[in-house]
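S.K.: Dropping in coords11.txt, with compact mmCIF, C-alpha atoms.
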```txt
# COMPACT_ATOMS: atom_id res chain seq x y z
CA MET Q 1 -1.72 -40.07 13.36
CA ASN Q 2 -2.61 -38.18 10.22
CA PRO Q 3 0.41 -35.93 9.48
CA GLN Q 4 -1.85 -33.42 7.75
CA ALA Q 5 -3.81 -32.98 10.97
CA THR Q 6 -0.73 -31.76 12.84
CA ALA Q 7 0.90 -29.77 10.03
CA PRO Q 8 1.14 -26.05 10.82
CA ALA Q 9 -1.15 -23.77 8.86
CA ALA Q 10 0.36 -21.82 5.99
CA PRO Q 11 1.22 -18.22 6.93
CA LEU Q 12 -1.48 -15.60 6.43
CA VAL Q 13 -1.21 -12.19 4.74
CA PHE Q 14 -3.88 -9.47 5.07
CA ILE Q 15 -4.00 -7.02 2.13
CA THR Q 16 -6.22 -3.97 1.68
CA GLY Q 17 -6.94 -2.44 -1.71
CA ALA Q 18 -6.83 -5.92 -3.21
CA SER Q 19 -9.33 -5.29 -6.00
CA SER Q 20 -6.84 -3.94 -8.56
CA GLY Q 21 -3.26 -2.95 -9.39
CA ILE Q 22 -0.61 -3.49 -6.76
CA GLY Q 23 -3.03 -5.16 -4.34
CA GLN Q 24 -4.02 -7.86 -6.80
CA ALA Q 25 -0.42 -8.43 -7.86
CA LEU Q 26 0.66 -8.81 -4.23
CA ALA Q 27 -2.19 -11.26 -3.59
CA LEU Q 28 -1.08 -13.45 -6.49
CA ARG Q 29 2.56 -13.27 -5.45
CA TYR Q 30 1.80 -14.40 -1.91
CA HIS Q 31 -0.50 -17.12 -3.22
CA ARG Q 32 2.30 -18.47 -5.41
CA ALA Q 33 4.53 -18.57 -2.34
CA GLY Q 34 2.01 -20.78 -0.54
CA TRP Q 35 0.46 -18.21 1.79
CA ARG Q 36 -3.17 -18.00 2.82
CA LEU Q 37 -4.88 -14.75 1.87
CA ALA Q 38 -7.18 -12.28 3.59
CA LEU Q 39 -8.16 -9.77 0.91
CA VAL Q 40 -10.06 -6.54 1.50
CA ALA Q 41 -11.82 -4.25 -0.95
CA ARG Q 42 -14.88 -2.03 -1.03
CA ARG Q 43 -16.55 -4.25 -3.63
CA ALA Q 44 -16.23 -7.72 -2.18
CA SER Q 45 -18.33 -9.43 -4.87
CA GLU Q 46 -16.08 -8.16 -7.65
CA LEU Q 47 -12.99 -9.21 -5.71
CA GLN Q 48 -14.46 -12.69 -5.20
CA GLN Q 49 -15.16 -12.98 -8.93
CA TRP Q 50 -11.55 -12.03 -9.67
CA ALA Q 51 -10.22 -14.54 -7.12
CA ASP Q 52 -12.35 -17.31 -8.62
CA ALA Q 53 -11.21 -16.38 -12.13
CA GLN Q 54 -7.61 -16.68 -10.97
CA GLY Q 55 -8.30 -20.13 -9.57
CA LEU Q 56 -7.57 -19.12 -5.98
CA PRO Q 57 -8.99 -21.90 -3.75
CA ARG Q 58 -11.73 -20.62 -1.43
CA GLU Q 59 -10.42 -22.66 1.48
CA ARG Q 60 -7.19 -20.60 1.38
CA VAL Q 61 -8.64 -17.19 0.49
CA ALA Q 62 -11.09 -15.07 2.49
CA ILE Q 63 -12.68 -11.99 0.92
CA TYR Q 64 -13.79 -9.08 3.11
CA GLY Q 65 -15.78 -6.04 2.05
CA ALA Q 66 -14.78 -2.80 3.77
CA ASP Q 67 -13.83 0.79 2.99
CA VAL Q 68 -10.68 1.77 4.89
CA ARG Q 69 -12.14 5.27 5.34
CA ASP Q 70 -14.78 3.69 7.58
CA VAL Q 71 -12.76 3.14 10.75
CA ALA Q 72 -15.43 0.99 12.42
CA ALA Q 73 -15.73 -1.21 9.33
CA ILE Q 74 -12.03 -1.81 8.68
CA THR Q 75 -11.18 -2.45 12.33
CA ALA Q 76 -14.10 -4.88 12.56
CA THR Q 77 -12.77 -6.58 9.42
CA GLY Q 78 -9.39 -7.03 11.08
CA ARG Q 79 -11.01 -8.63 14.12
CA ALA Q 80 -13.10 -10.86 11.88
CA CYS Q 81 -9.95 -12.00 10.08
CA ILE Q 82 -8.29 -12.96 13.36
CA ALA Q 83 -11.39 -14.86 14.50
CA ALA Q 84 -11.82 -16.74 11.22
CA GLN Q 85 -8.26 -17.25 9.97
CA GLY Q 86 -5.95 -16.44 12.86
CA LEU Q 87 -3.45 -13.65 13.39
CA PRO Q 88 -1.64 -12.77 10.14
CA GLU Q 89 2.12 -12.84 9.79
CA VAL Q 90 2.00 -9.86 7.41
CA VAL Q 91 -0.50 -6.99 7.14
CA ILE Q 92 -0.18 -4.79 4.05
CA ALA Q 93 -1.98 -1.43 4.15
CA ASN Q 94 -2.09 -0.95 0.41
CA ALA Q 95 -5.43 0.82 -0.14
CA GLY Q 96 -4.90 4.34 -1.43
CA ILE Q 97 -6.14 6.98 -3.81
CA SER Q 98 -4.15 9.26 -6.09
CA VAL Q 99 -5.79 12.41 -7.41
CA GLY Q 100 -4.74 16.00 -7.93
CA ILE Q 101 -6.18 18.97 -6.09
CA ASP Q 102 -6.48 22.71 -6.62
CA THR Q 103 -6.59 24.53 -3.29
CA ALA Q 104 -8.24 27.53 -5.00
CA ASP Q 105 -11.27 25.34 -5.64
CA ALA Q 106 -13.30 24.96 -2.42
CA ALA Q 107 -14.73 21.63 -3.62
CA ASP Q 108 -11.24 20.12 -3.60
CA LEU Q 109 -11.03 20.49 0.17
CA GLU Q 110 -13.38 17.53 0.37
CA VAL Q 111 -11.15 15.68 -2.08
CA LEU Q 112 -8.21 16.41 0.20
CA ARG Q 113 -10.18 15.06 3.16
CA SER Q 114 -10.88 11.85 1.24
CA ILE Q 115 -7.18 11.44 0.36
CA TYR Q 116 -6.11 11.74 3.99
CA GLU Q 117 -8.92 9.52 5.25
CA THR Q 118 -7.92 6.78 2.81
CA ASN Q 119 -4.13 7.03 2.69
CA ASN Q 120 -3.47 7.92 6.34
CA ILE Q 121 -6.36 7.25 8.71
CA GLY Q 122 -7.18 4.14 6.69
CA MET Q 123 -3.65 2.84 7.13
CA ALA Q 124 -3.67 3.31 10.89
CA ALA Q 125 -7.12 1.73 11.13
CA THR Q 126 -5.88 -1.24 9.07
CA PHE Q 127 -3.01 -1.87 11.47
CA GLN Q 128 -4.94 -1.23 14.69
CA PRO Q 129 -6.70 -4.62 15.17
CA PHE Q 130 -3.46 -6.56 14.70
CA LEU Q 131 -0.87 -4.46 16.51
CA ALA Q 132 -1.38 -5.45 20.16
CA ALA Q 133 -1.77 -9.14 19.28
CA MET Q 134 1.41 -9.11 17.18
CA CYS Q 135 3.33 -7.44 20.00
CA THR Q 136 2.05 -10.03 22.47
CA ARG Q 137 3.01 -12.85 20.11
CA GLY Q 138 6.43 -11.29 19.62
CA HIS Q 139 6.57 -11.21 15.82
CA GLY Q 140 4.74 -10.00 12.73
CA THR Q 141 5.16 -7.47 9.96
CA LEU Q 142 3.17 -4.33 9.20
CA VAL Q 143 3.68 -2.89 5.72
CA GLY Q 144 2.79 0.66 4.72
CA VAL Q 145 2.66 1.48 1.01
CA ALA Q 146 3.97 5.02 0.54
CA SER Q 147 5.36 6.51 -2.70
CA VAL Q 148 8.37 8.35 -4.04
CA ALA Q 149 5.88 11.23 -4.28
CA GLY Q 150 6.22 11.49 -0.52
CA ILE Q 151 9.87 12.64 -0.84
CA ARG Q 152 9.19 16.15 -2.24
CA GLY Q 153 6.04 18.12 -3.02
CA LEU Q 154 5.03 18.24 -6.69
CA PRO Q 155 2.81 20.92 -8.29
CA GLY Q 156 -0.79 19.79 -8.48
CA HIS Q 157 -0.03 16.76 -6.30
CA GLY Q 158 -0.27 18.49 -2.92
CA GLY Q 159 -2.78 16.14 -1.33
CA TYR Q 160 -1.19 12.94 -2.59
CA CYS Q 161 2.39 14.01 -1.84
CA ALA Q 162 1.47 15.17 1.65
CA SER Q 163 -0.41 11.97 2.40
CA LYS Q 164 2.48 9.77 1.28
CA ALA Q 165 5.01 11.87 3.21
CA ALA Q 166 2.79 11.24 6.23
CA VAL Q 167 2.84 7.49 5.51
CA ILE Q 168 6.64 7.54 5.57
CA SER Q 169 6.83 9.45 8.87
CA TYR Q 170 4.01 7.46 10.46
CA CYS Q 171 5.62 4.11 9.63
CA GLU Q 172 8.97 5.38 10.88
CA SER Q 173 7.36 6.35 14.19
CA LEU Q 174 5.51 3.04 14.45
CA ARG Q 175 8.71 1.14 13.72
CA GLY Q 176 10.36 2.62 16.78
CA GLU Q 177 7.34 1.84 18.93
CA CYS Q 178 7.15 -1.82 17.88
CA ARG Q 179 10.78 -2.81 17.60
CA ALA Q 180 11.22 -3.96 21.21
CA GLN Q 181 8.19 -6.25 20.84
CA GLY Q 182 9.61 -7.99 17.78
CA VAL Q 183 7.18 -6.48 15.27
CA THR Q 184 8.69 -5.26 12.01
CA VAL Q 185 7.37 -2.20 10.17
CA VAL Q 186 8.27 -2.01 6.47
CA THR Q 187 7.74 1.09 4.32
CA LEU Q 188 7.50 0.52 0.57
CA ALA Q 189 7.81 3.52 -1.74
CA PRO Q 190 6.75 2.57 -5.27
CA GLY Q 191 7.91 4.60 -8.20
CA TYR Q 192 5.74 4.44 -11.31
CA VAL Q 193 3.80 1.18 -11.48
CA ASP Q 194 1.45 0.41 -14.37
CA THR Q 195 -1.95 0.37 -12.64
CA PRO Q 196 -5.36 1.99 -13.27
CA LEU Q 197 -4.20 4.90 -11.09
CA THR Q 198 -1.07 5.74 -13.08
CA GLN Q 199 -2.68 5.13 -16.47
CA LYS Q 200 -4.49 8.45 -16.00
CA ASN Q 201 -1.25 10.42 -15.56
CA ARG Q 202 -0.54 13.12 -18.14
CA TYR Q 203 3.24 13.22 -17.82
CA ALA Q 204 6.28 11.03 -18.46
CA MET Q 205 6.76 8.17 -16.00
CA PRO Q 206 10.40 7.09 -15.95
CA PHE Q 207 11.23 3.49 -15.02
CA LEU Q 208 7.58 2.44 -15.32
CA MET Q 209 7.22 -1.17 -14.19
CA SER Q 210 4.44 -3.73 -14.22
CA ALA Q 211 2.45 -4.47 -11.09
CA GLU Q 212 3.72 -8.05 -11.22
CA ALA Q 213 7.36 -6.95 -11.26
CA PHE Q 214 6.67 -4.61 -8.36
CA ALA Q 215 5.03 -7.43 -6.40
CA ASP Q 216 8.06 -9.68 -6.86
CA GLN Q 217 10.41 -7.03 -5.49
CA ALA Q 218 7.99 -6.04 -2.72
CA PHE Q 219 7.63 -9.67 -1.61
CA ALA Q 220 11.41 -9.97 -1.35
CA ALA Q 221 11.72 -6.68 0.55
CA ILE Q 222 8.99 -7.59 3.03
CA SER Q 223 10.44 -11.06 3.56
CA SER Q 224 13.85 -9.60 4.35
CA GLY Q 225 12.36 -7.14 6.85
CA VAL Q 226 13.83 -3.98 5.34
CA ARG Q 227 12.88 -0.70 6.97
CA PHE Q 228 12.40 1.35 3.80
CA ARG Q 229 12.60 0.36 0.17
CA VAL Q 230 12.04 2.34 -3.03
CA ILE Q 231 10.95 0.12 -5.92
CA PRO Q 232 12.38 0.01 -8.57
CA TRP Q 233 15.94 0.73 -7.46
CA GLN Q 234 16.39 3.34 -10.20
CA MET Q 235 13.71 5.46 -8.55
CA GLY Q 236 15.64 5.01 -5.31
CA VAL Q 237 18.51 6.89 -6.92
CA VAL Q 238 16.08 9.59 -8.04
CA ALA Q 239 14.65 9.77 -4.51
CA ARG Q 240 18.10 10.31 -2.99
CA LEU Q 241 18.77 13.12 -5.48
CA LEU Q 242 15.41 14.73 -4.70
CA ARG Q 243 16.24 14.79 -0.99
CA VAL Q 244 19.40 16.85 -1.51
CA LEU Q 245 18.36 19.01 -4.47
CA PRO Q 246 18.29 22.72 -3.47
CA GLY Q 247 14.77 24.14 -3.31
CA ALA Q 248 15.37 26.85 -5.93
CA LEU Q 249 16.70 24.33 -8.45
CA PHE Q 250 13.91 21.90 -7.65
CA ASP Q 251 11.30 24.61 -8.29
CA ARG Q 252 12.83 25.50 -11.66
CA LEU Q 253 12.96 21.87 -12.76
CA LEU Q 254 9.30 21.34 -11.89
CA ALA Q 255 8.04 24.60 -13.44
CA GLY Q 256 5.45 23.90 -16.11
CA ARG Q 257 5.14 20.20 -15.27
CA PRO Q 258 1.64 18.90 -16.01
CA ARG Q 259 -0.53 18.62 -12.93
CA LYS Q 260 -1.98 15.38 -11.70
CA HIS Q 261 -5.52 14.71 -12.92
CA ARG Q 262 -8.25 15.99 -10.66
CA GLN Q 263 -11.37 14.17 -9.61
CA PRO Q 264 -14.20 14.71 -12.14
CA GLN Q 265 -16.44 17.49 -10.95
```
As a first step, turn the structure in this file into structure tokens.
M.R.:
Amino acid sequence: MNPQATAPAAPLVFITGASSGIGQALALRYHRAGWRLALVARRASELQQWADAQGLPRERVAIYGADVRDVAAITATGRACIAAQGLPEVVIANAGISVGIDTADAADLEVLRSIYETNNIGMAATFQPFLAAMCTRGHGTLVGVASVAGIRGLPGHGGYCASKAAVISYCESLRGECRAQGVTVVTLAPGYVDTPLTQKNRYAMPFLMSAEAFADQAFAAISSGVRFRVIPWQMGVVARLLRVLPGALFDRLLAGRPRKHRQPQ
């Protein structure tokens, strides 16, 4: 008997927002660990070009084109992944957008809608095709990428902060629902990670880390099945302080802080 014919398949990870930044770094980290990859992005051809440039073997990497805001498309992508590659061990809902809003500007209400559709509805839609099957199997991990910005509201960041606070609460709720079925829900809260999103920021970013360093720590956190992890740990200390800081003092400290960049009009 050919031992390769009976060897179990390498574990599979499904990652959205894999075309840049954290998503790409996570894809490379899981590849180095020997995992098979299911990678999702809006521009599948560009993602395929990147994967080929990295030398990722096509027999171990599947590229899917979908926008997580399109519920029908992303749920169909999840089902296609299961049919073609099997049920993943880990699903990482990483796709997200970060942009400032001004509620006084009526046009920014549509920006706010887009933030919620991507960061919140898109996350739930990413998990949906896999959840029942993971519960039936009795194991699996769902990973929601939140942010330390979800701890307290920041001036000019209302949409992003609110969406990431919702990610934290949503994952906490889902964790309680899935625990009895053996499915783990991990919430990652990145601090400042050097990606195309943060490179537009107009303010100081303490403890800024590379996407590759973040991916190493995220991989370890997901593998250990932690409930909630702020990365890097220094921002975890900041997050704990933010939780207990009195509102009046918090407001004074944030007064005059530059706002997050808005979407070009």
S.K.: Residues near Ala95 (chain Q), anyone? I mean within 9 Å using all atoms listed in the file, not counting same-chain ones fewer than 6 positions away, as number ranges by chain.
M.R.: Q: 15-18, 23, 40-41, 67-68, 118-119, 122-123, 145
S.K.: Using all atoms listed in the file, give me every residue within 12 Å of (2.4, -6.4, -11.3) in file coordinates, as a list in words.
M.R.: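 Every residue inside that radius is included here: Ser20, Gly21, Ile22, Gly23, Gln24, Ala25, Leu26, Ala27, Leu28, Arg29, Pro190, Tyr192, Val193, Asp194, Thr195, Pro196, Leu208, Met209, Ser210, Ala211, Glu212, Ala213, Phe214, Ala215, Asp216, Gln217, Ala218 and Phe219 of chain Q.
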S.K.: Can you work out which one of Q:Ile231, Q:Val148, Q:Leu154, Q:Val71 has the shortest atom-to-atom distance to Glu117 (chain Q), counting all atoms listed in the file?
M.R.: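 Checking each candidate against Glu117 (chain Q), we get Q:Val71 as the closest.
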S.K.: For the atom pair CA of Gly55 (chain Q) and CA of Cys81 (chain Q), what is the interatomic distance in Å to one decimal place?
M.R.: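 Distance reported for this atom pair: 21.3 Å.
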S.K.: To one decimal place, how far is CA of Ala180 (chain Q) from CA of Asn94 (chain Q) in Å?
M.R.: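 Result for CA of Ala180 (chain Q) versus CA of Asn94 (chain Q): 24.9 Å, one decimal.
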S.K.: Using only C-alpha atoms, find all polymer residues with an atom at most 9 Å away from the point (3.7, 2.5, 0.9); report them as a list in words.
M.R.: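 Counting only C-alpha atoms, I find these residues within 9 Å of (3.7, 2.5, 0.9): Ile92, Ala93, Asn94, Val143, Gly144, Val145, Ala146, Ser147, Val148, Lys164, Val167, Ile168, Val186, Thr187, Leu188, Ala189 and Pro190 of chain Q.
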S.K.: Grab the CA of Tyr116 (chain Q) to CA of Gln49 (chain Q) distance for me, in Å with one decimal place.
M.R.: 29.3 Å
S.K.: Check the smallest atom-to-atom distance from each of Q:Ala165, Q:Val90, Q:Cys135, Q:Ala149 to Asn120 (chain Q) using only C-alpha atoms, then report the winner.
M.R.: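 Looking at the shortest contact to Asn120 (chain Q), the residue is Q:Ala165.
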S.K.: Select, from Q:Ala53, Q:Ile151, Q:Ala62, Q:Ala73, the residue with the minimum atom-to-atom distance to Val230 (chain Q), counting only C-alpha atoms.
M.R.: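 The shortest atom-to-atom distance to Val230 (chain Q) comes from Q:Ile151.
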S.K.: I'd like to know which of Q:Ala220, Q:Leu56, Q:Val226, Q:Ala84 is closest to Arg175 (chain Q), using all atoms listed in the file.
M.R.: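 Ranked by minimum distance to Arg175 (chain Q), first place goes to Q:Val226.
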S.K.: Considering all atoms listed in the file, state which residue in the set Q:Ile121, Q:Val183, Q:Cys178, Q:Leu109 is at the smallest distance from Ala166 (chain Q).
M.R.: Q:Ile121
S.K.: May I ask which of the residues Q:Ala248, Q:Cys171, Q:Ala132, Q:Ile115 is the closest one to Arg227 (chain Q), counting only C-alpha atoms?
M.R.: Q:Cys171
S.K.: List the neighbours of Gly182 (chain Q) out to 6 Å using all atoms listed in the file; skip same-chain residues closer than 3 positions along the sequence, and give me the result as a ChimeraX atom specification.
M.R.: /Q:138-139,179
S.K.: Edge lengths and centre in Å to one decimal, as AutoDock Vina command-line options, of the axis-aligned box that encloses all listed atoms of region 142-150 of chain Q with 5 Å added on every side?
M.R.:
```
--center_x 5.5 --center_y 3.6 --center_z 2.5 --size_x 15.7 --size_y 25.8 --size_z 23.5
```
S.K.: Need to verify the contact set: Gln85 (chain Q), 9 Å, only C-alpha atoms, exclusion of same-chain residues closer than 6 positions in sequence. Can you return it as an NGL selection string?
M.R.: :Q and (12 or 36 or 38 or 62)
S.K.: Name all residues at most 12 Å from Arg79 (chain Q) (count all atoms listed in the file; drop same-chain ones fewer than 5 positions away) and give them as number ranges by chain.
M.R.: Q: 14, 38, 64, 72-74, 84-88, 125-133
